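Inspection log for the structure reproduced underneath, given as structure tokens.
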Amino acid sequence: MDPSTLKQLNSQRSARRAVVLVTDLDEGRSHVIQETSPVEGPLGDAVATAFRTGRSATVQIDGRALFLNAHLPPPRLVMIGAVHISQALASMARLAGFDVEIIDPRTAFATQERFQGVPLHAQWPQDVLAVRPFDPFTAVAALTHDPKIDDFPLQAALEAGCFYVGALGSRKTHASRMERFVASGVSRADIERIHAPIGLDIGASSPAEIAVATLAQVIHALRTRGSSRVEKSDVA
Amino acid sequence: MIDTERRDGLSDPLTIAQTWMEQGRDVAIATVVETWGSAPRPSGSHLVIDARGNFEGSVSGGCVEGAVIAEATSVIETGEARMLEFGVSDETAWQVGLSCGGRIRIYVERLG
């Protein structure tokens, strides 16, 4: 591999951008393809599949053996709200391999004591996102019930194409949320992407159970990412 | 792969390969390019090796790493990439084969 190819690959990976490294196994040459620059023809189809599934594979194209190595960023779960559910969800999501972060401007909630070892931003989401914006490999779970805190990051998550957007709250709460979002110009299609009430319908009741239901829904969204087959996993 | 295993840059083979390269060390990158059956590591997994036999990462969870490291040393010397195949059908299976019954192909190339 060319040293410049490795440097390019690593810099894209550390910037959380999805890339596929294509290596010609006969000639040994390789190059990096970004998700934002689509490729034409049969190679394009294979590359698109690699981006969608995250699976690396050897493919035969025009008589050549090409290895497509998909590098998708580690998924990140950002919780809006340093609440009881977030305590359980942060632990579980880390076990499942997610980078976890919590944002809550209410300093009484966002204490390191309650969230040991979890990156915690005791700031308004607007301020955190200005520095650390969401991306397509981020899942956002809005858990405060408070529109003043939840609404901005939910809309930002839809705009950024986050692979999962979920919001805690009853159907009634969500209905008024939808009205507010329509009034502020969010498209119907985008609003439909919000999982609300949050989590798979497993009859969850305790904070830990709601965390399980939510994490399962997040994983489902991650593993079916970009697939038209399943858009929403809500059973309810 | 969707990288849910890499928890920090310290243990990421490709980051380590770049660091070694920048330190002036000769490096080979081994990559799982095909798997059949119950292969222990998925396609795309890396093992990086330097000329002294230092290595990071894994291509089989320990079954064939020793053989890959030996091959990598000559890949570094000659600059010629090699395709290695391991499986239970391999005649040296009892030595360096995959006890899980899977089969893997590993591409070993020199960096630079």
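In the structure tokens, each chain is lettered A, B, ... as it comes, each chain's residues begin at 1, and ligands are numbered from 1 in order of appearance.
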Test item, alpha helix (DSSP H) assignment across segment 14-86 of chain B, answer as a list of chain:residue names: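 Restricting segment 14-86 of chain B to alpha helix (DSSP H) produces B:Leu14, B:Thr15, B:Ile16, B:Ala17, B:Gln18, B:Thr19, B:Trp20, B:Met21, B:Glu22, B:Glu65, B:Gly66, B:Ala67, B:Val68, B:Ile69, B:Ala70, B:Glu71, B:Ala72, B:Thr73, B:Ser74, B:Val75, B:Ile76, B:Glu77, B:Thr78.
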Those residues you just picked out, can you put them in a file as a PDB file, in the first residue's frame with C-alpha atoms?
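Result file follows (selection-v3.pdb):
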ATOM      1  CA  LEU B  14      -3.895   0.954  10.677  1.00  0.00           C
ATOM      2  CA  THR B  15      -3.100   3.862  13.001  1.00  0.00           C
ATOM      3  CA  ILE B  16      -0.195   1.862  14.413  1.00  0.00           C
ATOM      4  CA  ALA B  17       1.031   1.058  10.889  1.00  0.00           C
ATOM      5  CA  GLN B  18       1.160   4.762  10.117  1.00  0.00           C
ATOM      6  CA  THR B  19       2.973   5.550  13.366  1.00  0.00           C
ATOM      7  CA  TRP B  20       5.562   2.842  12.687  1.00  0.00           C
ATOM      8  CA  MET B  21       6.015   4.092   9.127  1.00  0.00           C
ATOM      9  CA  GLU B  22       6.569   7.637  10.392  1.00  0.00           C
ATOM     10  CA  GLU B  65      -0.775 -15.215  13.253  1.00  0.00           C
ATOM     11  CA  GLY B  66       2.620 -16.865  13.650  1.00  0.00           C
ATOM     12  CA  ALA B  67       2.646 -18.040  10.022  1.00  0.00           C
ATOM     13  CA  VAL B  68       1.431 -14.662   8.760  1.00  0.00           C
ATOM     14  CA  ILE B  69       4.180 -12.847  10.656  1.00  0.00           C
ATOM     15  CA  ALA B  70       6.801 -15.156   9.125  1.00  0.00           C
ATOM     16  CA  GLU B  71       5.457 -14.497   5.614  1.00  0.00           C
ATOM     17  CA  ALA B  72       5.264 -10.760   6.322  1.00  0.00           C
ATOM     18  CA  THR B  73       8.980 -10.646   7.033  1.00  0.00           C
ATOM     19  CA  SER B  74       9.787 -11.846   3.515  1.00  0.00           C
ATOM     20  CA  VAL B  75       7.112  -9.565   2.009  1.00  0.00           C
ATOM     21  CA  ILE B  76       8.914  -6.656   3.676  1.00  0.00           C
ATOM     22  CA  GLU B  77      12.237  -7.874   2.244  1.00  0.00           C
ATOM     23  CA  THR B  78      11.099  -8.458  -1.321  1.00  0.00           C
TER      24      THR B  78
END
Would you kindly report the residues of chain A within 8 Å of chain B, using only C-alpha atoms, as a PDB file with C-alpha atoms, in the first residue's frame?
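Written file, selection-v8.pdb:
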ATOM      1  CA  MET A   1       0.000   0.000   0.000  1.00  0.00           C
ATOM      2  CA  ASP A   2       1.164   3.467  -0.821  1.00  0.00           C
ATOM      3  CA  PRO A   3       2.022   5.505   2.312  1.00  0.00           C
ATOM      4  CA  LEU A   6      -2.738   4.892   4.288  1.00  0.00           C
ATOM      5  CA  LYS A   7      -2.482   8.488   5.508  1.00  0.00           C
ATOM      6  CA  ASN A  10      -6.534   7.153   8.443  1.00  0.00           C
ATOM      7  CA  LEU A  25      -5.453  -8.001  -5.546  1.00  0.00           C
ATOM      8  CA  GLY A  28      -1.614  -4.476  -5.542  1.00  0.00           C
ATOM      9  CA  THR A  53     -23.808  -3.004   5.158  1.00  0.00           C
ATOM     10  CA  GLY A  54     -20.345  -2.175   6.465  1.00  0.00           C
ATOM     11  CA  ARG A  55     -19.203  -5.580   5.187  1.00  0.00           C
ATOM     12  CA  SER A  56     -15.866  -5.982   3.464  1.00  0.00           C
ATOM     13  CA  ALA A  57     -15.610  -8.452   0.583  1.00  0.00           C
ATOM     14  CA  THR A  58     -13.678  -9.538  -2.489  1.00  0.00           C
ATOM     15  CA  PHE A  67     -11.067  -6.269  -2.292  1.00  0.00           C
ATOM     16  CA  ASN A  69     -12.649  -2.848   2.689  1.00  0.00           C
ATOM     17  CA  ALA A  70     -15.483  -0.848   4.232  1.00  0.00           C
ATOM     18  CA  HIS A  71     -14.463   1.492   7.035  1.00  0.00           C
ATOM     19  CA  LEU A  72     -17.520   2.894   8.776  1.00  0.00           C
ATOM     20  CA  PRO A  73     -16.984   5.126  11.822  1.00  0.00           C
ATOM     21  CA  PRO A  74     -17.723   3.743  15.274  1.00  0.00           C
ATOM     22  CA  PRO A  75     -21.339   4.559  16.062  1.00  0.00           C
ATOM     23  CA  ALA A  96     -22.508  -2.713  22.826  1.00  0.00           C
ATOM     24  CA  GLY A  97     -19.559  -0.735  21.449  1.00  0.00           C
ATOM     25  CA  PHE A  98     -21.025   2.754  21.118  1.00  0.00           C
TER      26      PHE A  98
END
Which residue of A:Arg171, A:Arg13, A:Arg64, A:Arg180 approaches Asp26 of chain A most closely, using only C-alpha atoms: A:Arg64
DSSP strand (DSSP E) residues within segment 136-225 of chain A, as a PyMOL selection string: chain A and resi 138-142+164-167+194-195
So that I have them on file, write out the residues from the current selection with all heavy atoms, as an mmCIF file, in the first residue's frame.
data_model
loop_
_atom_site.group_PDB
_atom_site.id
_atom_site.type_symbol
_atom_site.label_atom_id
_atom_site.label_comp_id
_atom_site.auth_asym_id
_atom_site.auth_seq_id
_atom_site.Cartn_x
_atom_site.Cartn_y
_atom_site.Cartn_z
ATOM 1 N N THR A 138 -24.203 8.997 13.995
ATOM 2 C CA THR A 138 -24.621 9.354 15.344
ATOM 3 C C THR A 138 -26.091 8.972 15.525
ATOM 4 O O THR A 138 -26.896 9.165 14.620
ATOM 5 C CB THR A 138 -24.453 10.871 15.570
ATOM 6 O OG1 THR A 138 -23.107 11.241 15.300
ATOM 7 C CG2 THR A 138 -24.806 11.255 16.995
ATOM 8 N N ALA A 139 -26.396 8.421 16.698
ATOM 9 C CA ALA A 139 -27.782 8.204 17.110
ATOM 10 C C ALA A 139 -28.098 9.251 18.174
ATOM 11 O O ALA A 139 -27.258 9.522 19.031
ATOM 12 C CB ALA A 139 -27.954 6.805 17.694
ATOM 13 N N VAL A 140 -29.281 9.836 18.101
ATOM 14 C CA VAL A 140 -29.659 10.855 19.076
ATOM 15 C C VAL A 140 -30.925 10.412 19.788
ATOM 16 O O VAL A 140 -31.925 10.077 19.142
ATOM 17 C CB VAL A 140 -29.873 12.223 18.389
ATOM 18 C CG1 VAL A 140 -30.370 13.254 19.393
ATOM 19 C CG2 VAL A 140 -28.579 12.700 17.728
ATOM 20 N N ALA A 141 -30.858 10.382 21.109
ATOM 21 C CA ALA A 141 -32.031 10.054 21.911
ATOM 22 C C ALA A 141 -32.336 11.244 22.812
ATOM 23 O O ALA A 141 -31.522 11.606 23.661
ATOM 24 C CB ALA A 141 -31.767 8.806 22.747
ATOM 25 N N ALA A 142 -33.482 11.869 22.579
ATOM 26 C CA ALA A 142 -33.886 13.030 23.372
ATOM 27 C C ALA A 142 -34.737 12.542 24.538
ATOM 28 O O ALA A 142 -35.788 11.943 24.341
ATOM 29 C CB ALA A 142 -34.660 14.015 22.506
ATOM 30 N N TYR A 164 -30.227 7.347 13.628
ATOM 31 C CA TYR A 164 -31.333 7.087 14.548
ATOM 32 C C TYR A 164 -31.701 8.375 15.264
ATOM 33 O O TYR A 164 -30.818 9.095 15.745
ATOM 34 C CB TYR A 164 -30.945 6.025 15.593
ATOM 35 C CG TYR A 164 -32.010 5.809 16.645
ATOM 36 C CD1 TYR A 164 -33.051 4.908 16.438
ATOM 37 C CD2 TYR A 164 -31.989 6.544 17.833
ATOM 38 C CE1 TYR A 164 -34.045 4.730 17.387
ATOM 39 C CE2 TYR A 164 -32.986 6.362 18.787
ATOM 40 C CZ TYR A 164 -34.005 5.462 18.562
ATOM 41 O OH TYR A 164 -34.995 5.287 19.500
ATOM 42 N N VAL A 165 -32.999 8.652 15.319
ATOM 43 C CA VAL A 165 -33.475 9.811 16.069
ATOM 44 C C VAL A 165 -34.677 9.343 16.887
ATOM 45 O O VAL A 165 -35.668 8.861 16.326
ATOM 46 C CB VAL A 165 -33.910 10.976 15.139
ATOM 47 C CG1 VAL A 165 -34.271 12.207 15.953
ATOM 48 C CG2 VAL A 165 -32.821 11.305 14.125
ATOM 49 N N GLY A 166 -34.578 9.429 18.193
ATOM 50 C CA GLY A 166 -35.671 8.975 19.045
ATOM 51 C C GLY A 166 -35.993 10.020 20.105
ATOM 52 O O GLY A 166 -35.113 10.787 20.510
ATOM 53 N N ALA A 167 -37.232 10.048 20.515
ATOM 54 C CA ALA A 167 -37.647 11.023 21.524
ATOM 55 C C ALA A 167 -38.573 10.389 22.539
ATOM 56 O O ALA A 167 -39.555 9.726 22.184
ATOM 57 C CB ALA A 167 -38.329 12.216 20.867
ATOM 58 N N ILE A 194 -38.595 10.283 13.285
ATOM 59 C CA ILE A 194 -38.408 10.293 14.736
ATOM 60 C C ILE A 194 -39.111 9.076 15.352
ATOM 61 O O ILE A 194 -40.302 8.845 15.110
ATOM 62 C CB ILE A 194 -38.983 11.579 15.374
ATOM 63 C CG1 ILE A 194 -38.310 12.803 14.750
ATOM 64 C CG2 ILE A 194 -38.794 11.563 16.886
ATOM 65 C CD1 ILE A 194 -38.920 14.126 15.205
ATOM 66 N N HIS A 195 -38.366 8.293 16.107
ATOM 67 C CA HIS A 195 -38.968 7.174 16.830
ATOM 68 C C HIS A 195 -39.572 7.700 18.123
ATOM 69 O O HIS A 195 -38.846 8.079 19.043
ATOM 70 C CB HIS A 195 -37.920 6.111 17.153
ATOM 71 C CG HIS A 195 -37.341 5.453 15.944
ATOM 72 N ND1 HIS A 195 -37.928 4.362 15.337
ATOM 73 C CD2 HIS A 195 -36.242 5.741 15.219
ATOM 74 C CE1 HIS A 195 -37.201 3.998 14.297
ATOM 75 N NE2 HIS A 195 -36.175 4.815 14.201
#
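The shortest atom-to-atom distance to Ile33 of chain A, with only C-alpha atoms taken into account, belongs to A:Thr5 out of A:Ala160, A:Thr5, A:Arg52, A:Arg188.
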Which residue of A:Ile85, A:Ala196, A:Leu129, A:Val100 approaches Val212 of chain A most closely, using only C-alpha atoms: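 Checking each candidate against Val212 of chain A, we get A:Ile85 as the closest.
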Nearest-residue call for Asp12 of chain B, choices A:Ser170, A:Ser14, A:Thr214, A:Thr49, using only C-alpha atoms: A:Ser14
For Gly44 of chain A, work out the shell of residues within 12 Å, counting only C-alpha atoms and skipping chain neighbours fewer than 6 positions away, then give it as a PDB file with N, CA, C and O atoms, in the first residue's frame.
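Result went into selection.pdb, see below:
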ATOM      1  N   VAL A  20     -14.409   3.473   1.641  1.00  0.00           N
ATOM      2  CA  VAL A  20     -14.113   2.115   1.210  1.00  0.00           C
ATOM      3  C   VAL A  20     -12.730   2.140   0.558  1.00  0.00           C
ATOM      4  O   VAL A  20     -12.470   2.979  -0.304  1.00  0.00           O
ATOM      5  N   VAL A  22     -10.393   0.331  -1.919  1.00  0.00           N
ATOM      6  CA  VAL A  22     -10.447  -0.669  -2.982  1.00  0.00           C
ATOM      7  C   VAL A  22      -9.024  -1.104  -3.305  1.00  0.00           C
ATOM      8  O   VAL A  22      -8.179  -0.265  -3.617  1.00  0.00           O
ATOM      9  N   ILE A  33     -12.232   5.465  -1.579  1.00  0.00           N
ATOM     10  CA  ILE A  33     -13.470   6.040  -2.109  1.00  0.00           C
ATOM     11  C   ILE A  33     -14.303   6.579  -0.951  1.00  0.00           C
ATOM     12  O   ILE A  33     -14.529   5.884   0.034  1.00  0.00           O
ATOM     13  N   GLN A  34     -14.735   7.832  -1.099  1.00  0.00           N
ATOM     14  CA  GLN A  34     -15.577   8.436  -0.053  1.00  0.00           C
ATOM     15  C   GLN A  34     -17.050   8.175  -0.355  1.00  0.00           C
ATOM     16  O   GLN A  34     -17.447   8.095  -1.510  1.00  0.00           O
ATOM     17  N   GLU A  35     -17.831   8.112   0.705  1.00  0.00           N
ATOM     18  CA  GLU A  35     -19.255   7.831   0.538  1.00  0.00           C
ATOM     19  C   GLU A  35     -19.942   8.960  -0.236  1.00  0.00           C
ATOM     20  O   GLU A  35     -20.924   8.753  -0.926  1.00  0.00           O
ATOM     21  N   SER A  37     -18.753  10.592  -2.751  1.00  0.00           N
ATOM     22  CA  SER A  37     -18.490  10.621  -4.196  1.00  0.00           C
ATOM     23  C   SER A  37     -18.804   9.275  -4.818  1.00  0.00           C
ATOM     24  O   SER A  37     -17.955   8.381  -4.844  1.00  0.00           O
ATOM     25  N   PRO A  38     -20.044   9.102  -5.300  1.00  0.00           N
ATOM     26  CA  PRO A  38     -20.478   7.813  -5.825  1.00  0.00           C
ATOM     27  C   PRO A  38     -19.669   7.381  -7.050  1.00  0.00           C
ATOM     28  O   PRO A  38     -19.142   8.220  -7.773  1.00  0.00           O
ATOM     29  N   ALA A  50     -21.146  -2.063   0.146  1.00  0.00           N
ATOM     30  CA  ALA A  50     -20.174  -2.046   1.242  1.00  0.00           C
ATOM     31  C   ALA A  50     -20.473  -0.906   2.214  1.00  0.00           C
ATOM     32  O   ALA A  50     -20.417  -1.080   3.434  1.00  0.00           O
ATOM     33  N   PHE A  51     -20.824   0.260   1.682  1.00  0.00           N
ATOM     34  CA  PHE A  51     -21.162   1.384   2.552  1.00  0.00           C
ATOM     35  C   PHE A  51     -22.421   1.090   3.368  1.00  0.00           C
ATOM     36  O   PHE A  51     -22.510   1.428   4.535  1.00  0.00           O
ATOM     37  N   VAL A  59     -14.646  -8.868  -4.620  1.00  0.00           N
ATOM     38  CA  VAL A  59     -15.607  -8.958  -5.720  1.00  0.00           C
ATOM     39  C   VAL A  59     -14.829  -9.102  -7.026  1.00  0.00           C
ATOM     40  O   VAL A  59     -13.681  -8.667  -7.129  1.00  0.00           O
ATOM     41  N   ILE A  61     -14.739  -7.927 -10.769  1.00  0.00           N
ATOM     42  CA  ILE A  61     -15.288  -6.922 -11.660  1.00  0.00           C
ATOM     43  C   ILE A  61     -14.384  -6.803 -12.886  1.00  0.00           C
ATOM     44  O   ILE A  61     -13.187  -6.543 -12.760  1.00  0.00           O
ATOM     45  N   LEU A  68     -12.846  -4.895  -1.394  1.00  0.00           N
ATOM     46  CA  LEU A  68     -13.446  -3.658  -0.915  1.00  0.00           C
ATOM     47  C   LEU A  68     -13.469  -3.701   0.605  1.00  0.00           C
ATOM     48  O   LEU A  68     -14.186  -4.515   1.191  1.00  0.00           O
TER      49      LEU A  68
END
